[in-house]
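*Asks:* File start-v8.txt below, compact mmCIF, C-alpha atoms:
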```
# COMPACT_ATOMS: atom_id res chain seq x y z
CA MET A 1401 13.50 21.89 17.28
CA ASP A 1402 13.91 18.91 19.58
CA LEU A 1403 11.29 16.20 19.23
CA THR A 1404 10.33 13.19 21.26
CA VAL A 1405 10.21 10.22 18.92
CA LYS A 1406 8.20 7.28 20.24
CA ILE A 1407 8.70 3.98 18.43
CA LYS A 1408 6.79 0.76 18.95
CA ARG A 1409 9.59 -1.76 19.43
CA TYR A 1410 9.43 -5.54 19.28
CA ASN A 1411 12.24 -8.07 19.17
CA PRO A 1412 10.80 -11.60 19.08
CA GLU A 1413 14.06 -12.99 20.44
CA LYS A 1414 13.63 -11.23 23.77
CA ASP A 1415 10.25 -9.46 23.99
CA ASP A 1416 6.99 -11.07 25.02
CA ALA A 1417 5.00 -8.22 23.52
CA PRO A 1418 5.55 -4.92 21.69
CA HIS A 1419 6.41 -1.90 23.82
CA TRP A 1420 7.05 1.81 23.31
CA GLU A 1421 10.48 3.41 23.57
CA SER A 1422 11.15 7.17 23.44
CA TYR A 1423 14.12 9.10 22.01
CA GLU A 1424 15.01 12.78 21.92
CA VAL A 1425 15.83 13.76 18.34
CA PRO A 1426 16.91 17.12 16.87
CA ALA A 1427 14.92 17.99 13.76
CA ASP A 1428 14.33 20.61 11.13
CA PRO A 1429 10.73 21.27 10.03
CA LEU A 1430 11.68 20.22 6.48
CA ASP A 1431 13.18 16.90 7.58
CA SER A 1432 11.26 13.81 6.55
CA ALA A 1433 9.81 11.45 9.12
CA LEU A 1434 12.28 8.89 7.79
CA ALA A 1435 15.13 11.19 8.80
CA LEU A 1436 13.94 11.00 12.41
CA LEU A 1437 14.10 7.22 12.36
CA LEU A 1438 17.51 7.20 10.70
CA HIS A 1439 18.83 9.56 13.37
CA VAL A 1440 17.69 7.10 16.02
CA LYS A 1441 19.25 4.15 14.20
CA TRP A 1442 22.53 5.84 13.27
CA HIS A 1443 23.15 7.90 16.41
CA ILE A 1444 21.18 6.42 19.30
CA ASP A 1445 20.17 2.78 18.89
CA GLY A 1446 21.56 0.74 16.03
CA THR A 1447 19.29 -2.20 16.85
CA LEU A 1448 16.22 -0.40 15.45
CA SER A 1449 14.82 -2.25 12.43
CA LEU A 1450 12.87 -0.61 9.60
CA ARG A 1451 12.50 -0.89 5.85
CA LYS A 1452 13.59 1.81 3.45
CA SER A 1453 15.01 1.97 -0.05
CA CYS A 1454 14.79 4.89 -2.48
CA ALA A 1455 13.57 7.46 0.10
CA HIS A 1456 11.80 9.31 -2.73
CA GLY A 1457 8.24 8.02 -2.40
CA ILE A 1458 8.52 5.55 -5.27
CA CYS A 1459 9.51 2.15 -3.88
CA GLY A 1460 6.89 2.00 -1.09
CA SER A 1461 9.31 0.29 1.32
CA ASP A 1462 8.88 2.60 4.31
CA ALA A 1463 5.11 2.53 4.76
CA MET A 1464 4.27 2.54 8.46
CA GLN A 1465 1.92 4.09 10.97
CA ILE A 1466 2.98 7.66 11.84
CA ASN A 1467 0.99 9.54 14.47
CA GLY A 1468 -1.67 6.86 14.09
CA GLU A 1469 -2.05 7.11 10.31
CA ASN A 1470 -0.60 4.92 7.55
CA LYS A 1471 1.96 6.95 5.63
CA LEU A 1472 5.27 6.76 3.76
CA ALA A 1473 7.98 7.89 6.18
CA CYS A 1474 10.03 9.43 3.36
CA SER A 1475 7.11 11.46 2.00
CA VAL A 1476 5.81 13.19 5.12
CA LEU A 1477 7.64 16.17 6.62
CA VAL A 1478 8.18 17.06 10.26
CA LYS A 1479 6.34 20.36 9.76
CA ASP A 1480 3.21 18.42 8.84
CA LEU A 1481 3.43 16.27 11.96
CA VAL A 1482 4.13 18.83 14.69
CA ASP A 1483 3.75 22.54 15.36
CA ASP A 1484 6.61 25.05 15.75
CA SER A 1485 7.02 24.33 19.45
CA GLY A 1486 7.72 20.67 18.78
CA GLU A 1487 6.07 17.67 20.34
CA THR A 1488 5.94 13.88 20.04
CA VAL A 1489 5.97 11.89 16.81
CA THR A 1490 4.98 8.24 17.06
CA PHE A 1491 5.99 5.38 14.77
CA ALA A 1492 4.45 1.90 14.68
CA PRO A 1493 4.33 -0.92 12.13
CA LEU A 1494 1.40 -1.14 9.73
CA PRO A 1495 -1.55 -2.80 11.49
CA SER A 1496 -3.06 -6.22 10.75
CA ALA A 1497 0.21 -7.92 9.77
CA PRO A 1498 2.65 -10.08 11.72
CA VAL A 1499 5.60 -8.05 12.98
CA ILE A 1500 9.04 -9.49 12.20
CA LYS A 1501 10.93 -6.89 14.25
CA ASP A 1502 10.17 -3.31 15.29
CA LEU A 1503 8.71 -1.52 12.23
CA VAL A 1504 9.24 -4.43 9.81
CA ILE A 1505 6.14 -6.48 9.01
CA ASP A 1506 5.81 -9.83 7.25
CA GLN A 1507 4.50 -8.99 3.77
CA SER A 1508 4.19 -12.57 2.54
CA ARG A 1509 0.38 -12.72 2.57
CA PHE A 1510 0.13 -9.23 1.04
CA PHE A 1511 2.15 -10.26 -2.00
CA GLU A 1512 0.44 -13.66 -2.26
CA LYS A 1513 -2.85 -11.80 -2.69
CA TYR A 1514 -1.21 -9.46 -5.19
CA ARG A 1515 0.03 -12.37 -7.30
CA SER A 1516 -3.32 -14.15 -7.06
CA VAL A 1517 -5.08 -11.50 -9.20
CA LYS A 1518 -2.65 -12.09 -12.09
CA PRO A 1519 -1.19 -8.56 -12.18
CA TRP A 1520 0.31 -8.81 -15.63
CA LEU A 1521 -0.84 -8.38 -19.22
CA ILE A 1522 -2.68 -11.44 -20.51
CA ASN A 1523 -2.79 -11.52 -24.30
CA ASP A 1524 -2.22 -14.69 -26.30
CA THR A 1525 -2.51 -13.11 -29.73
CA PRO A 1526 0.68 -13.05 -31.85
CA GLU A 1527 3.15 -10.42 -30.70
CA PRO A 1528 3.22 -7.33 -32.91
CA GLU A 1529 6.44 -6.19 -34.55
CA ARG A 1530 6.55 -3.19 -32.20
CA GLU A 1531 4.27 -2.45 -29.21
CA ARG A 1532 0.61 -3.14 -28.59
CA PRO A 1533 -0.89 0.32 -29.23
CA GLN A 1534 -3.15 2.14 -26.81
CA SER A 1535 -4.65 5.58 -27.32
CA PRO A 1536 -4.26 8.36 -24.71
CA GLU A 1537 -8.01 8.12 -24.06
CA GLU A 1538 -7.78 4.38 -23.44
CA HIS A 1539 -4.80 4.82 -21.13
CA GLU A 1540 -6.58 7.55 -19.17
CA ILE A 1541 -9.02 4.91 -17.89
CA ILE A 1542 -6.23 3.11 -16.01
CA GLU A 1543 -3.71 5.91 -15.51
CA ASP A 1544 -4.63 6.66 -11.90
CA ALA A 1545 -4.34 2.98 -10.97
CA THR A 1546 -0.89 2.70 -12.55
CA LYS A 1547 0.45 5.09 -9.88
CA CYS A 1548 0.21 2.36 -7.22
CA ILE A 1549 3.61 1.58 -5.65
CA MET A 1550 2.42 -1.44 -3.63
CA CYS A 1551 3.37 0.12 -0.30
CA GLY A 1552 0.44 -1.61 1.43
CA ALA A 1553 -0.75 1.52 3.26
CA CYS A 1554 -4.26 1.17 1.82
CA THR A 1555 -4.69 -2.53 2.55
CA HIS A 1556 -3.46 -2.18 6.12
CA ALA A 1557 -5.83 0.75 6.69
CA CYS A 1558 -8.85 -1.31 5.66
CA PRO A 1559 -11.20 -2.62 8.41
CA SER A 1560 -12.12 -5.59 6.22
CA THR A 1561 -8.43 -6.56 6.18
CA TRP A 1562 -8.25 -6.22 9.96
CA ALA A 1563 -11.29 -8.47 10.33
CA ASP A 1564 -10.49 -11.10 7.69
CA PRO A 1565 -6.93 -12.18 6.86
CA ASP A 1566 -8.20 -13.86 3.68
CA TYR A 1567 -9.64 -10.64 2.22
CA LEU A 1568 -7.78 -9.70 -0.96
CA GLY A 1569 -7.57 -6.05 0.04
CA PRO A 1570 -7.64 -2.82 -1.97
CA ALA A 1571 -4.05 -2.96 -3.27
CA ALA A 1572 -4.50 -6.34 -4.96
CA MET A 1573 -7.92 -5.48 -6.35
CA LEU A 1574 -6.67 -2.13 -7.66
CA LYS A 1575 -4.12 -4.11 -9.67
CA ALA A 1576 -6.94 -6.32 -10.91
CA TYR A 1577 -8.76 -3.17 -12.06
CA ARG A 1578 -5.62 -1.82 -13.74
CA TYR A 1579 -5.25 -4.89 -15.98
CA THR A 1580 -8.94 -5.74 -16.41
CA PHE A 1581 -9.58 -2.27 -17.86
CA ASP A 1582 -6.41 -2.24 -19.95
CA THR A 1583 -7.57 -2.36 -23.57
CA ARG A 1584 -4.58 -4.53 -24.51
CA ASP A 1585 -5.50 -7.26 -22.03
CA ASP A 1586 -7.66 -10.36 -22.62
CA GLY A 1587 -7.66 -11.75 -19.07
CA THR A 1588 -10.86 -10.17 -17.74
CA GLU A 1589 -12.75 -13.39 -17.07
CA GLU A 1590 -9.74 -15.00 -15.38
CA ARG A 1591 -9.38 -12.10 -12.94
CA LEU A 1592 -13.09 -11.68 -12.31
CA ASP A 1593 -13.26 -15.33 -11.27
CA ILE A 1594 -10.80 -14.40 -8.52
CA VAL A 1595 -12.05 -11.01 -7.32
CA ASP A 1596 -15.81 -11.67 -7.73
CA SER A 1597 -15.90 -13.58 -4.45
CA PRO A 1598 -16.84 -13.20 -0.75
CA ASP A 1599 -13.17 -12.52 0.08
CA GLY A 1600 -12.82 -10.12 -2.81
CA LEU A 1601 -14.91 -7.24 -4.14
CA TRP A 1602 -17.96 -7.94 -2.00
CA LYS A 1603 -16.09 -7.49 1.25
CA CYS A 1604 -15.24 -3.93 0.20
CA TYR A 1605 -17.76 -1.69 1.95
CA THR A 1606 -16.50 1.61 0.46
CA ILE A 1607 -15.32 3.00 3.80
CA PHE A 1608 -12.69 5.22 2.07
CA ASN A 1609 -9.87 4.38 4.52
CA CYS A 1610 -7.85 3.20 1.55
CA ASN A 1611 -8.22 6.55 -0.23
CA GLN A 1612 -7.15 8.45 2.88
CA ALA A 1613 -4.08 6.26 3.40
CA CYS A 1614 -2.84 6.20 -0.21
CA PRO A 1615 0.34 8.31 -0.49
CA LYS A 1616 -0.27 8.70 -4.25
CA GLU A 1617 -3.82 9.99 -3.73
CA ILE A 1618 -5.31 7.29 -5.96
CA ASP A 1619 -9.12 7.21 -5.96
CA ILE A 1620 -9.11 3.53 -5.04
CA THR A 1621 -12.76 3.17 -4.07
CA ARG A 1622 -13.84 4.65 -7.42
CA TRP A 1623 -11.90 2.04 -9.36
CA LEU A 1624 -13.04 -0.83 -7.14
CA SER A 1625 -16.63 0.30 -7.72
CA ALA A 1626 -15.96 0.18 -11.47
CA LEU A 1627 -14.57 -3.33 -11.06
CA LYS A 1628 -17.70 -4.34 -9.15
CA ARG A 1629 -19.86 -3.07 -12.02
CA ARG A 1630 -17.74 -5.01 -14.51
CA ALA A 1631 -18.12 -8.15 -12.40
CA VAL A 1632 -21.92 -7.76 -12.24
CA THR A 1633 -22.34 -7.04 -15.93
CA SER A 1634 -20.01 -9.88 -16.87
CA SER A 1635 -21.93 -12.31 -14.69
CA ALA A 1636 -25.22 -11.13 -16.19
CA SER A 1637 -24.01 -11.59 -19.74
CA THR A 1638 -22.62 -15.02 -18.92
CA ALA A 1639 -25.94 -16.09 -17.38
CA ALA A 1640 -27.82 -14.84 -20.44
```
Go ahead and express the file in the form of structure tokens.
*Replies:*
Amino acid sequence: MDLTVKIKRYNPEKDDAPHWESYEVPADPLDSALALLLHVKWHIDGTLSLRKSCAHGICGSDAMQINGENKLACSVLVKDLVDDSGETVTFAPLPSAPVIKDLVIDQSRFFEKYRSVKPWLINDTPEPERERPQSPEEHEIIEDATKCIMCGACTHACPSTWADPDYLGPAAMLKAYRYTFDTRDDGTEERLDIVDSPDGLWKCYTIFNCNQACPKEIDITRWLSALKRRAVTSSASTAA
């Protein structure tokens, strides 16, 4: 089929504002959305800028807005975007972030928030001769959260993020959950001091946009609710 591919373009060196440009692209129903963009870049307009890396849904580099929804371009197929007669597929950068060029956003603030929740194992006890053991049952508590690839689709789908640039966002707080509930970790209080704040857990209104946007189908709101309960019970025990 032949598709019309509409891309929101922006070059800060010459454009006053973003604008839409259209391209006619041949496509197979089993092509990925990323393949459409690469056809434009390689065969029509080499100035198009986008991020991509592994193209296998693991690195999270090519998260963007496709047909108005946050998705991974490498993980969505043409057949899921259009019908057999073909139509228009639109591409735009993820919302609520400064655009560097075309589909490339500035991720600096996103990763600052990620680092702020201390997304690493905190354990000051002497290192064991081998690994720090964890049972399958203990790992099951955090297993869903470990699937996060930090693509940013969830955070940039969140209305609280759109409204408040200081909000930590679901991706960062999911990482806080992942380590706070890791039985090998001793950094709970340190992380709760960060996420138990007006710009953290309590600006999450459980709207479920993050769940819908997550390409790994992580139940993000469930784990953030668990983190809220941990924050409340921790504060109560501290006060007592």
*Asks:* May I ask for the distance between atom CA of Tyr1577 of chain A and atom CA of Lys1518 of chain A, given in Å to one decimal place?
*Replies:* 10.8 Å
*Asks:* Applying 12 Å and all atoms listed in the file, which residues near Glu1537 of chain A remain after dropping the ones on its own chain fewer than 5 positions away? List them as an NGL selection string.
*Replies:* :A and (1542-1543 or 1582-1583)
*Asks:* Name all residues at most 12 Å from Cys1548 of chain A (count all atoms listed in the file; drop same-chain ones fewer than 2 positions away) and give them as a JSON list (two decimals) with C-alpha atoms, keeping the file's coordinate frame.
*Replies:*
```json
[["chain", "number", "residue", "atom", "x", "y", "z"],
["A", 1457, "GLY", "CA", 8.24, 8.02, -2.40],
["A", 1458, "ILE", "CA", 8.52, 5.55, -5.27],
["A", 1459, "CYS", "CA", 9.51, 2.15, -3.88],
["A", 1460, "GLY", "CA", 6.89, 2.00, -1.09],
["A", 1542, "ILE", "CA", -6.23, 3.11, -16.01],
["A", 1543, "GLU", "CA", -3.71, 5.91, -15.51],
["A", 1544, "ASP", "CA", -4.63, 6.66, -11.90],
["A", 1545, "ALA", "CA", -4.34, 2.98, -10.97],
["A", 1546, "THR", "CA", -0.89, 2.70, -12.55],
["A", 1550, "MET", "CA", 2.42, -1.44, -3.63],
["A", 1551, "CYS", "CA", 3.37, 0.12, -0.30],
["A", 1552, "GLY", "CA", 0.44, -1.61, 1.43],
["A", 1553, "ALA", "CA", -0.75, 1.52, 3.26],
["A", 1554, "CYS", "CA", -4.26, 1.17, 1.82],
["A", 1555, "THR", "CA", -4.69, -2.53, 2.55],
["A", 1570, "PRO", "CA", -7.64, -2.82, -1.97],
["A", 1571, "ALA", "CA", -4.05, -2.96, -3.27],
["A", 1572, "ALA", "CA", -4.50, -6.34, -4.96],
["A", 1573, "MET", "CA", -7.92, -5.48, -6.35],
["A", 1574, "LEU", "CA", -6.67, -2.13, -7.66],
["A", 1575, "LYS", "CA", -4.12, -4.11, -9.67],
["A", 1576, "ALA", "CA", -6.94, -6.32, -10.91],
["A", 1577, "TYR", "CA", -8.76, -3.17, -12.06],
["A", 1578, "ARG", "CA", -5.62, -1.82, -13.74],
["A", 1610, "CYS", "CA", -7.85, 3.20, 1.55],
["A", 1611, "ASN", "CA", -8.22, 6.55, -0.23],
["A", 1614, "CYS", "CA", -2.84, 6.20, -0.21],
["A", 1615, "PRO", "CA", 0.34, 8.31, -0.49],
["A", 1616, "LYS", "CA", -0.27, 8.70, -4.25],
["A", 1617, "GLU", "CA", -3.82, 9.99, -3.73],
["A", 1618, "ILE", "CA", -5.31, 7.29, -5.96],
["A", 1619, "ASP", "CA", -9.12, 7.21, -5.96],
["A", 1620, "ILE", "CA", -9.11, 3.53, -5.04]]
```
*Asks:* Quick one: residues within 9 Å of Phe1510 of chain A, all atoms listed in the file counted, chain neighbours fewer than 2 positions away excluded, as a JSON list (two decimals) with C-alpha atoms, keeping the file's coordinate frame?
*Replies:*
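Written file, around_31.json:
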```
[["chain", "number", "residue", "atom", "x", "y", "z"],
["A", 1497, "ALA", "CA", 0.21, -7.92, 9.77],
["A", 1506, "ASP", "CA", 5.81, -9.83, 7.25],
["A", 1507, "GLN", "CA", 4.50, -8.99, 3.77],
["A", 1508, "SER", "CA", 4.19, -12.57, 2.54],
["A", 1512, "GLU", "CA", 0.44, -13.66, -2.26],
["A", 1513, "LYS", "CA", -2.85, -11.80, -2.69],
["A", 1514, "TYR", "CA", -1.21, -9.46, -5.19],
["A", 1515, "ARG", "CA", 0.03, -12.37, -7.30],
["A", 1552, "GLY", "CA", 0.44, -1.61, 1.43],
["A", 1555, "THR", "CA", -4.69, -2.53, 2.55],
["A", 1568, "LEU", "CA", -7.78, -9.70, -0.96],
["A", 1569, "GLY", "CA", -7.57, -6.05, 0.04],
["A", 1571, "ALA", "CA", -4.05, -2.96, -3.27],
["A", 1572, "ALA", "CA", -4.50, -6.34, -4.96]]
```
*Asks:* Pick out the closest residue to Asp1402 of chain A from this set: A:Leu1592, A:Leu1434, A:Leu1477, A:Val1482. Count all atoms listed in the file.
*Replies:*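 Smallest distance to Asp1402 of chain A is found for A:Val1482.
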*Asks:* Choose the residue, out of A:Ile1444, A:Ala1417, A:Leu1481, A:Ile1407, that has the smallest atom-to-atom separation from Pro1493 of chain A; count only C-alpha atoms.
*Replies:*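 Using only C-alpha atoms, Pro1493 of chain A sits closest to A:Ile1407.
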*Asks:* Calculate how many Å separate atom CA of Asp1596 of chain A from atom CA of Ala1631 of chain A, rounding to one decimal.
*Replies:* 6.3 Å
*Asks:* When you count only C-alpha atoms, which of these residues is closest to Leu1450 of chain A: A:Phe1581, A:Ala1433, A:Phe1608, A:Val1504?
*Replies:*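 The shortest atom-to-atom distance to Leu1450 of chain A comes from A:Val1504.
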*Asks:* Measuring between only C-alpha atoms, which one of A:Thr1561, A:Thr1580, A:Ser1432, A:Thr1606 shows the shortest distance to Leu1627 of chain A?
*Replies:* A:Thr1580
*Asks:* Taking (18.0, -5.4, 15.2) in the coordinates of the supplied file, I want to know which residues reach to within 9 Å of it, counting only C-alpha atoms; could you give the answer as a PyMOL selection string?
*Replies:* chain A and resi 1411+1446-1450+1501-1502
*Asks:* Since the input has fewer atoms than a full residue there, write segment 1542-1553 of chain A out with all heavy atoms, as a tab-separated table (two decimals), in the frame of the given file.
*Replies:*
```
chain	number	residue	atom	x	y	z
A	1542	ILE	N	-7.01	3.85	-17.02
A	1542	ILE	CA	-6.23	3.11	-16.01
A	1542	ILE	C	-5.09	3.92	-15.42
A	1542	ILE	O	-4.39	3.45	-14.53
A	1542	ILE	CB	-5.65	1.82	-16.62
A	1542	ILE	CG1	-4.70	2.14	-17.78
A	1542	ILE	CG2	-6.77	0.88	-17.06
A	1542	ILE	CD1	-3.92	0.94	-18.29
A	1543	GLU	N	-4.90	5.15	-15.90
A	1543	GLU	CA	-3.71	5.91	-15.51
A	1543	GLU	C	-3.59	6.10	-14.00
A	1543	GLU	O	-2.51	5.92	-13.42
A	1543	GLU	CB	-3.71	7.27	-16.20
A	1543	GLU	CG	-2.45	8.08	-15.89
A	1543	GLU	CD	-2.36	9.36	-16.70
A	1543	GLU	OE1	-3.30	9.66	-17.46
A	1543	GLU	OE2	-1.35	10.06	-16.58
A	1544	ASP	N	-4.68	6.45	-13.34
A	1544	ASP	CA	-4.63	6.66	-11.90
A	1544	ASP	C	-4.18	5.40	-11.19
A	1544	ASP	O	-3.34	5.44	-10.27
A	1544	ASP	CB	-6.01	7.09	-11.41
A	1544	ASP	CG	-5.98	7.64	-9.98
A	1544	ASP	OD1	-4.99	8.30	-9.61
A	1544	ASP	OD2	-6.95	7.40	-9.23
A	1545	ALA	N	-4.69	4.25	-11.61
A	1545	ALA	CA	-4.34	2.98	-10.97
A	1545	ALA	C	-2.89	2.59	-11.19
A	1545	ALA	O	-2.30	1.88	-10.37
A	1545	ALA	CB	-5.26	1.87	-11.47
A	1546	THR	N	-2.29	3.06	-12.29
A	1546	THR	CA	-0.89	2.70	-12.55
A	1546	THR	C	0.07	3.41	-11.60
A	1546	THR	O	1.25	3.06	-11.55
A	1546	THR	CB	-0.48	3.05	-14.00
A	1546	THR	OG1	-0.54	4.47	-14.19
A	1546	THR	CG2	-1.39	2.36	-15.01
A	1547	LYS	N	-0.41	4.37	-10.82
A	1547	LYS	CA	0.45	5.09	-9.88
A	1547	LYS	C	0.74	4.27	-8.62
A	1547	LYS	O	1.60	4.66	-7.81
A	1547	LYS	CB	-0.20	6.41	-9.48
A	1547	LYS	CG	-0.44	7.38	-10.63
A	1547	LYS	CD	-1.24	8.59	-10.17
A	1547	LYS	CE	-1.59	9.50	-11.32
A	1547	LYS	NZ	-2.48	10.62	-10.87
A	1548	CYS	N	0.04	3.18	-8.43
A	1548	CYS	CA	0.21	2.36	-7.22
A	1548	CYS	C	1.64	1.85	-7.09
A	1548	CYS	O	2.20	1.30	-8.04
A	1548	CYS	CB	-0.76	1.19	-7.25
A	1548	CYS	SG	-0.54	0.03	-5.87
A	1549	ILE	N	2.23	2.03	-5.90
A	1549	ILE	CA	3.61	1.58	-5.65
A	1549	ILE	C	3.65	0.37	-4.72
A	1549	ILE	O	4.72	0.01	-4.22
A	1549	ILE	CB	4.47	2.72	-5.10
A	1549	ILE	CG1	3.87	3.27	-3.80
A	1549	ILE	CG2	4.63	3.83	-6.14
A	1549	ILE	CD1	4.73	4.32	-3.11
A	1550	MET	N	2.50	-0.23	-4.45
A	1550	MET	CA	2.42	-1.44	-3.63
A	1550	MET	C	3.05	-1.26	-2.25
A	1550	MET	O	3.73	-2.15	-1.74
A	1550	MET	CB	3.06	-2.62	-4.38
A	1550	MET	CG	2.34	-3.01	-5.65
A	1550	MET	SD	0.61	-3.46	-5.38
A	1550	MET	CE	0.79	-4.96	-4.41
A	1551	CYS	N	2.83	-0.12	-1.64
A	1551	CYS	CA	3.37	0.12	-0.30
A	1551	CYS	C	2.56	-0.60	0.77
A	1551	CYS	O	3.06	-0.85	1.88
A	1551	CYS	CB	3.41	1.62	-0.01
A	1551	CYS	SG	1.78	2.41	0.08
A	1552	GLY	N	1.29	-0.90	0.48
A	1552	GLY	CA	0.44	-1.61	1.43
A	1552	GLY	C	-0.29	-0.70	2.40
A	1552	GLY	O	-1.06	-1.19	3.24
A	1553	ALA	N	-0.09	0.61	2.31
A	1553	ALA	CA	-0.75	1.52	3.26
A	1553	ALA	C	-2.26	1.40	3.19
A	1553	ALA	O	-2.95	1.45	4.21
A	1553	ALA	CB	-0.31	2.96	2.99
```
